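Visitor: Sharing data15.txt (compact mmCIF, C-alpha atoms) below.
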# COMPACT_ATOMS: atom_id res chain seq x y z
CA MET A 1 120.44 116.79 177.63
CA VAL A 2 117.02 115.64 178.84
CA LEU A 3 114.65 114.17 176.32
CA ARG A 4 112.31 116.62 174.64
CA SER A 5 109.47 115.77 172.31
CA THR A 6 106.92 117.60 170.25
CA CYS A 7 104.07 116.06 168.36
CA ARG A 8 102.84 116.93 164.89
CA THR A 9 99.73 115.53 163.29
CA ILE A 10 99.58 114.95 159.56
CA GLY A 11 96.18 113.57 158.66
CA ASP A 12 95.73 110.47 160.78
CA ILE A 13 99.49 110.13 161.43
CA SER A 14 101.27 111.39 164.54
CA VAL A 15 104.92 112.36 164.22
CA LEU A 16 106.78 112.56 167.50
CA ASP A 17 109.93 114.66 167.08
CA ILE A 18 112.35 113.62 169.79
CA SER A 19 115.63 115.19 170.80
CA GLY A 20 118.12 114.31 173.50
CA LYS A 21 118.88 110.96 175.07
CA ILE A 22 116.60 108.00 175.54
CA THR A 23 118.13 106.61 178.70
CA LEU A 24 117.25 105.19 182.09
CA GLY A 25 115.12 107.57 184.07
CA GLU A 26 113.43 110.67 182.76
CA GLY A 27 114.23 110.10 179.09
CA SER A 28 112.73 106.64 178.92
CA ALA A 29 109.79 107.68 181.07
CA THR A 30 108.99 110.63 178.81
CA LEU A 31 108.98 108.47 175.73
CA ARG A 32 106.82 105.88 177.43
CA ARG A 33 104.33 108.55 178.50
CA ASN A 34 104.19 110.16 175.06
CA ILE A 35 103.50 106.89 173.28
CA ARG A 36 100.89 105.86 175.82
CA GLU A 37 99.10 109.21 175.44
CA LEU A 38 99.01 108.85 171.66
CA VAL A 39 97.70 105.29 171.78
CA ASP A 40 95.14 106.09 174.48
CA GLY A 41 94.05 109.02 172.35
CA GLY A 42 93.28 106.66 169.51
CA GLN A 43 96.37 107.24 167.36
CA ARG A 44 97.32 104.15 165.38
CA LYS A 45 99.91 105.53 162.96
CA ILE A 46 102.96 106.86 164.76
CA VAL A 47 106.35 107.99 163.53
CA LEU A 48 109.19 108.48 165.99
CA ASN A 49 111.58 111.00 164.46
CA LEU A 50 114.92 110.18 166.07
CA GLU A 51 117.05 112.49 163.96
CA ASP A 52 118.13 114.40 167.07
CA VAL A 53 118.60 111.42 169.35
CA ASP A 54 122.27 110.57 169.53
CA TYR A 55 122.24 108.32 172.54
CA ILE A 56 120.21 105.37 173.70
CA ASP A 57 120.96 102.83 176.41
CA SER A 58 119.41 99.45 177.15
CA SER A 59 116.52 101.12 178.97
CA GLY A 60 115.83 103.30 175.97
CA ILE A 61 115.92 100.27 173.72
CA GLY A 62 113.44 98.62 176.07
CA GLU A 63 111.12 101.60 175.68
CA LEU A 64 111.31 101.42 171.89
CA VAL A 65 110.47 97.72 172.06
CA ALA A 66 107.62 98.43 174.48
CA ALA A 67 106.33 101.15 172.16
CA HIS A 68 106.48 98.75 169.23
CA SER A 69 104.54 96.09 171.14
CA LEU A 70 101.99 98.59 172.45
CA VAL A 71 101.20 100.03 169.03
CA GLU A 72 101.21 96.64 167.31
CA GLY A 73 98.92 95.36 170.07
CA VAL A 74 96.20 97.77 168.98
CA GLN A 75 96.76 96.92 165.30
CA GLY A 76 98.66 100.14 164.78
CA GLU A 77 101.97 100.87 163.08
CA LEU A 78 105.09 102.45 164.50
CA LYS A 79 107.97 103.67 162.35
CA LEU A 80 111.39 104.94 163.35
CA LEU A 81 112.70 107.81 161.31
CA LYS A 82 116.25 109.04 160.59
CA LEU A 83 118.31 107.00 163.05
CA THR A 84 121.65 108.49 163.95
CA ARG A 85 124.69 106.28 163.46
CA ARG A 86 125.00 105.33 167.10
CA VAL A 87 121.34 104.46 167.53
CA ARG A 88 121.40 102.48 164.30
CA ASP A 89 124.48 100.56 165.47
CA ILE A 90 122.82 99.62 168.75
CA LEU A 91 119.67 98.43 167.01
CA GLN A 92 121.72 96.39 164.57
CA ILE A 93 123.86 94.62 167.12
CA THR A 94 120.82 93.80 169.22
CA ARG A 95 119.04 92.43 166.12
CA LEU A 96 116.24 94.91 166.62
CA PHE A 97 116.88 96.62 163.30
CA THR A 98 114.86 93.86 161.64
CA ILE A 99 111.97 94.25 164.08
CA PHE A 100 111.37 97.94 163.54
CA ASP A 101 110.20 99.70 160.42
CA VAL A 102 113.10 102.11 159.93
CA GLN A 103 112.81 104.94 157.44
CA ASN A 104 115.30 107.56 156.31
CA ASP A 105 112.85 109.93 154.66
CA GLU A 106 109.79 111.42 156.32
CA ALA A 107 107.69 111.73 153.18
CA ALA A 108 108.30 108.07 152.34
CA ALA A 109 107.54 107.05 155.92
CA LEU A 110 104.20 108.90 155.81
CA ARG A 111 103.29 107.35 152.46
CA ASN A 112 104.05 103.80 153.53
CA PHE A 113 101.48 103.26 156.25
CA ARG A 114 99.03 100.47 155.52
CA MET B 1 152.78 94.81 184.41
CA ALA B 2 152.40 98.23 185.97
CA THR B 3 149.24 100.00 186.96
CA THR B 4 149.96 103.55 185.94
CA GLN B 5 146.72 105.13 186.96
CA ARG B 6 143.97 104.18 189.36
CA PHE B 7 140.78 105.93 190.20
CA GLU B 8 138.17 104.74 192.67
CA ILE B 9 134.77 106.17 193.44
CA VAL B 10 131.96 105.02 195.69
CA LEU B 11 128.59 105.70 194.13
CA GLU B 12 125.28 106.02 195.87
CA THR B 13 122.53 103.67 194.73
CA VAL B 14 120.55 106.42 193.04
CA ILE B 15 119.64 106.78 189.42
CA GLU B 16 121.93 109.79 189.04
CA SER B 17 124.93 107.55 189.69
CA VAL B 18 124.46 105.98 186.26
CA ASP B 19 125.21 109.26 184.51
CA ARG B 20 127.97 110.02 186.98
CA ALA B 21 129.72 106.69 186.42
CA GLU B 22 129.54 107.15 182.69
CA LEU B 23 130.95 110.67 182.83
CA VAL B 24 133.83 109.65 185.10
CA VAL B 25 134.81 106.69 182.98
CA LYS B 26 134.61 108.65 179.75
CA ARG B 27 136.98 111.26 181.12
CA PHE B 28 139.37 108.54 182.25
CA ALA B 29 139.17 106.80 178.89
CA GLU B 30 139.76 110.02 176.99
CA ALA B 31 142.74 110.91 179.15
CA SER B 32 144.11 107.41 178.57
CA GLY B 33 144.18 107.94 174.83
CA PHE B 34 141.06 106.24 173.48
CA ASP B 35 139.40 107.89 170.50
CA GLU B 36 135.91 109.38 170.51
CA ASP B 37 134.11 106.24 169.35
CA GLU B 38 135.95 104.04 171.82
CA VAL B 39 135.27 106.50 174.65
CA HIS B 40 131.59 106.34 173.76
CA ARG B 41 131.58 102.53 173.78
CA ILE B 42 133.45 102.30 177.07
CA GLY B 43 131.06 104.86 178.56
CA MET B 44 128.07 102.85 177.39
CA ALA B 45 129.47 99.60 178.78
CA VAL B 46 130.07 101.13 182.18
CA ARG B 47 126.66 102.75 182.03
CA GLU B 48 125.06 99.35 181.48
CA GLY B 49 127.12 97.82 184.28
CA THR B 50 126.08 100.56 186.66
CA ILE B 51 122.43 100.18 185.69
CA ASN B 52 122.70 96.48 186.56
CA ALA B 53 124.37 97.22 189.88
CA TYR B 54 121.68 99.78 190.65
CA ASN B 55 118.65 97.75 189.53
CA TYR B 56 119.58 94.11 190.08
CA GLY B 57 122.56 94.08 192.41
CA ASN B 58 121.53 96.67 194.94
CA ARG B 59 117.82 96.56 194.01
CA GLN B 60 117.63 100.34 194.18
CA ASP B 61 118.34 100.19 197.92
CA ARG B 62 119.70 103.60 198.83
CA ARG B 63 121.50 102.16 201.79
CA LYS B 64 123.81 100.23 199.49
CA LYS B 65 126.79 101.46 197.53
CA ILE B 66 128.36 100.76 194.17
CA LEU B 67 132.16 100.75 193.94
CA LEU B 68 133.66 101.82 190.62
CA VAL B 69 137.39 101.25 190.12
CA LEU B 70 139.24 102.38 187.02
CA GLU B 71 142.78 101.29 186.27
CA LEU B 72 145.15 101.74 183.39
CA GLU B 73 147.45 98.74 183.21
CA GLU B 74 150.58 99.03 181.14
CA ARG B 75 152.17 95.83 179.94
CA ARG B 76 154.93 95.33 177.49
CA GLU B 77 152.54 93.96 174.88
CA ASP B 78 149.60 96.28 175.46
CA THR B 79 147.96 98.88 177.64
CA ARG B 80 144.51 98.19 178.90
CA MET B 81 141.85 99.98 180.83
CA VAL B 82 140.28 97.81 183.50
CA VAL B 83 136.92 98.70 185.00
CA ARG B 84 135.52 97.02 188.09
CA LEU B 85 132.01 97.53 189.35
CA VAL B 86 131.12 96.03 192.70
CA ASP B 87 127.65 96.01 194.17
CA GLU B 88 126.30 94.90 197.52
CA GLY B 89 123.81 92.37 196.24
CA THR B 90 123.98 88.60 196.26
CA GLY B 91 125.86 88.04 193.02
CA PHE B 92 124.66 86.44 189.82
CA ASP B 93 125.58 83.69 187.40
CA LEU B 94 126.18 84.66 183.79
CA SER B 95 124.63 81.42 182.65
CA ASP B 96 121.30 82.59 184.12
CA ILE B 97 121.15 85.57 181.77
CA PRO B 98 118.88 84.84 178.79
CA ASP B 99 120.30 85.47 175.34
CA PRO B 100 118.72 88.73 174.13
CA LEU B 101 119.38 87.76 170.52
CA ALA B 102 117.31 84.60 170.76
CA GLU B 103 114.10 84.88 168.79
CA GLU B 104 111.93 84.35 171.83
CA ASN B 105 113.69 87.19 173.69
CA LEU B 106 113.90 89.84 170.99
CA LEU B 107 110.77 91.63 172.14
CA ARG B 108 111.67 91.62 175.80
CA THR B 109 111.95 95.13 177.19
CA SER B 110 114.99 94.32 179.34
CA GLY B 111 117.97 91.99 179.42
CA ARG B 112 120.39 93.61 176.98
CA GLY B 113 122.83 95.25 179.37
CA ILE B 114 125.39 92.46 179.63
CA PHE B 115 125.16 91.78 175.93
CA LEU B 116 126.04 95.41 175.23
CA ILE B 117 128.95 95.33 177.66
CA ARG B 118 130.34 92.28 175.85
CA ALA B 119 129.81 93.95 172.49
CA PHE B 120 131.67 97.10 173.48
CA MET B 121 134.51 95.78 175.63
CA ASP B 122 137.31 93.33 174.89
CA ASP B 123 136.81 91.18 177.96
CA PHE B 124 134.07 90.78 180.51
CA SER B 125 133.74 88.59 183.55
CA VAL B 126 131.79 88.37 186.77
CA GLN B 127 133.01 87.09 190.09
CA ARG B 128 131.76 87.18 193.60
CA GLY B 129 133.00 90.25 195.43
CA SER B 130 134.53 90.04 198.89
CA ASN B 131 131.24 91.33 200.29
CA GLY B 132 129.18 88.68 198.50
CA GLY B 133 127.92 90.99 195.81
CA ALA B 134 128.76 90.88 192.12
CA GLU B 135 132.09 92.20 190.90
CA VAL B 136 131.95 92.90 187.21
CA ILE B 137 135.29 93.29 185.46
CA MET B 138 135.58 94.67 181.94
CA THR B 139 138.65 95.60 179.98
CA LYS B 140 139.48 97.53 176.86
CA LYS B 141 142.85 97.61 175.17
CA LEU B 142 144.32 100.77 173.79
CA PRO B 143 145.00 100.57 170.04
CA PRO B 144 148.56 99.32 169.44
CA SER B 145 149.66 102.64 167.94
CA VAL B 146 148.56 104.52 171.05
CA HIS B 147 150.18 101.89 173.29
CA GLU B 148 153.45 102.34 171.41
CA ARG B 149 153.35 106.09 171.78
CA ARG B 150 152.92 105.70 175.53
CA ARG B 151 155.86 103.36 175.96
CA PRO B 152 159.11 104.89 177.16
CA HIS B 153 161.83 104.55 174.54
Will you turn the file into structure tokens for me?
Guide:
Amino acid sequence: MVLRSTCRTIGDISVLDISGKITLGEGSATLRRNIRELVDGGQRKIVLNLEDVDYIDSSGIGELVAAHSLVEGVQGELKLLKLTRRVRDILQITRLFTIFDVQNDEAAALRNFR
Amino acid sequence: MATTQRFEIVLETVIESVDRAELVVKRFAEASGFDEDEVHRIGMAVREGTINAYNYGNRQDRRKKILLVLELEERREDTRMVVRLVDEGTGFDLSDIPDPLAEENLLRTSGRGIFLIRAFMDDFSVQRGSNGGAEVIMTKKLPPSVHERRRPH
């Protein structure tokens, strides 16, 4: 399944609902483009809802890291929401689970921005 | 030791080959008796190996090929799936690969492929292929209970 994303805005927070696979090629490129568009548009509070992402490879992980660095670089905040088991496992074994702000509940994620 | 099954495929150096390699190996792994989680891990490992062959070995050169060989080796003590990926690059040294878990490398956007292969497979090694490229070899053992069921009694 190709990666699909839709964006919701709640106040000054952008929630990117993503479904499919974040993998080498179109999936990673779509995510990269979406994040870049949000940041270029002035968004500084971004939630990536990964509830419907059940697969990520090293390229996808690279895009999440790049997104994190891009948003942090403009003094913004990026949160990952509702990781599936497989995505969580990958982030844990690559030690990236401690880098990202991972949330299990959307309401809590929205409340916890600085 | 007996090789009970062997499957070989030559992949084009195109991005679509990454998905294709993963699909082929997952079908082979499933038919060999691995469970769903193990099939997923094996698929991911081969995916990462193919990405490396595509990006770093063959440098996305469409004139080059990637050889994928799948074997199921039955021994008395275990049954193992052996995957070989051979590219047409210039080879690489594992000691040159930075540790992606090192603090200074955590925020790098690449460099995790080999780490993931090692995490998901039982054994992993790299040698120089007969053509000078890299030959990556990774193995995964069937669970003992599945191995026992396969053995002739």
Visitor: Please provide the set of residues having any atom within 6 Å of segment 7-20 of chain A, restricted to all atoms listed in the file, with same-chain residues fewer than 4 positions apart removed, written as number ranges by chain.
Guide: A: 1-3, 45-50, 52-53
Visitor: Would you please work out which residue, of B:Ser130, B:Asn55, B:Ser32, B:Thr79, is nearest to chain A when using all atoms listed in the file?
Guide: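 Checking each candidate against chain A, we get B:Asn55 as the closest.
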Visitor: Which chain B residues are at most 9 Å from chain A (counting only C-alpha atoms), as a PDB file with C-alpha atoms, in the frame of the given file?
Guide:
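Saved as selection.pdb:
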ATOM      1  CA  ILE B  15     119.640 106.780 189.420  1.00  0.00           C
ATOM      2  CA  GLU B  16     121.930 109.790 189.040  1.00  0.00           C
ATOM      3  CA  VAL B  18     124.460 105.980 186.260  1.00  0.00           C
ATOM      4  CA  MET B  44     128.070 102.850 177.390  1.00  0.00           C
ATOM      5  CA  ARG B  47     126.660 102.750 182.030  1.00  0.00           C
ATOM      6  CA  GLU B  48     125.060  99.350 181.480  1.00  0.00           C
ATOM      7  CA  ILE B  51     122.430 100.180 185.690  1.00  0.00           C
ATOM      8  CA  PRO B 100     118.720  88.730 174.130  1.00  0.00           C
ATOM      9  CA  LEU B 101     119.380  87.760 170.520  1.00  0.00           C
ATOM     10  CA  LEU B 106     113.900  89.840 170.990  1.00  0.00           C
ATOM     11  CA  LEU B 107     110.770  91.630 172.140  1.00  0.00           C
ATOM     12  CA  ARG B 108     111.670  91.620 175.800  1.00  0.00           C
ATOM     13  CA  THR B 109     111.950  95.130 177.190  1.00  0.00           C
ATOM     14  CA  SER B 110     114.990  94.320 179.340  1.00  0.00           C
ATOM     15  CA  GLY B 111     117.970  91.990 179.420  1.00  0.00           C
ATOM     16  CA  ARG B 112     120.390  93.610 176.980  1.00  0.00           C
ATOM     17  CA  GLY B 113     122.830  95.250 179.370  1.00  0.00           C
ATOM     18  CA  PHE B 115     125.160  91.780 175.930  1.00  0.00           C
ATOM     19  CA  LEU B 116     126.040  95.410 175.230  1.00  0.00           C
ATOM     20  CA  ALA B 119     129.810  93.950 172.490  1.00  0.00           C
TER      21      ALA B 119
END
Visitor: Enter the distance from atom CA of Val10 of chain B to atom CA of Asp78 of chain B, in Å, rounded to one decimal.
Guide: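 Taking atom CA of Val10 of chain B and atom CA of Asp78 of chain B, their separation equals 28.2 Å.
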Visitor: Quick one, how far is atom CA of Val39 of chain B from atom CA of Arg27 of chain B?
Guide: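 Atom-to-atom, atom CA of Val39 of chain B and atom CA of Arg27 of chain B are spaced 8.2 Å apart.
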Visitor: Which of these residues is nearest to Glu106 of chain A, using all atoms listed in the file: A:Val87, A:Ala29, A:Leu80, A:Leu38?
Guide: A:Leu80
Visitor: Suppose you want the space between atom CA of Lys82 of chain A and atom CA of Ala109 of chain A; what is it in Å?
Guide: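 Answer for the atom CA of Lys82 of chain A to atom CA of Ala109 of chain A separation: 10.1 Å.
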Visitor: Nearest to Phe100 of chain A among A:Phe113, A:Thr84, A:Leu78, A:Thr30, with distances taken over all atoms listed in the file: which residue is it?
Guide: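 That would be A:Leu78, the residue with the smallest distance to Phe100 of chain A.
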Visitor: Rank nothing, just name the residue among A:Thr98, A:Ala108, A:Arg114, A:Glu51 nearest to Leu81 of chain A, using only C-alpha atoms.
Guide: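 Using only C-alpha atoms, the shortest distance to Leu81 of chain A belongs to A:Glu51.
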Visitor: Find, counting only C-alpha atoms, the residue in B:Lys64, B:Arg20, B:Arg6, B:His40 that gets nearest to Met121 of chain B.
Guide: B:His40
Visitor: Nearest residue to Pro98 of chain B out of B:Ala53, B:Ala31, B:Ile114, B:Leu72, using all atoms listed in the file?
Guide: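 The closest residue to Pro98 of chain B is B:Ile114.
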Visitor: List as a list in words the protein and nucleic acid residues near Leu11 of chain B, meaning an atom at most 9 Å away when all atoms listed in the file are counted, but skip any in the same chain fewer than 6 places from it.
Guide: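 Contacts, with the query itself left out: Ser17, Val18, Arg20, Ala21, Lys65, Ile66, Leu67 and Leu68 of chain B.
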Visitor: List as a PyMOL selection string the protein and nucleic acid residues near Asp87 of chain B, meaning an atom at most 12 Å away when all atoms listed in the file are counted, but skip any in the same chain fewer than 2 places from it.
Guide: chain B and resi 10-13+49-69+84-85+89-92+126-137
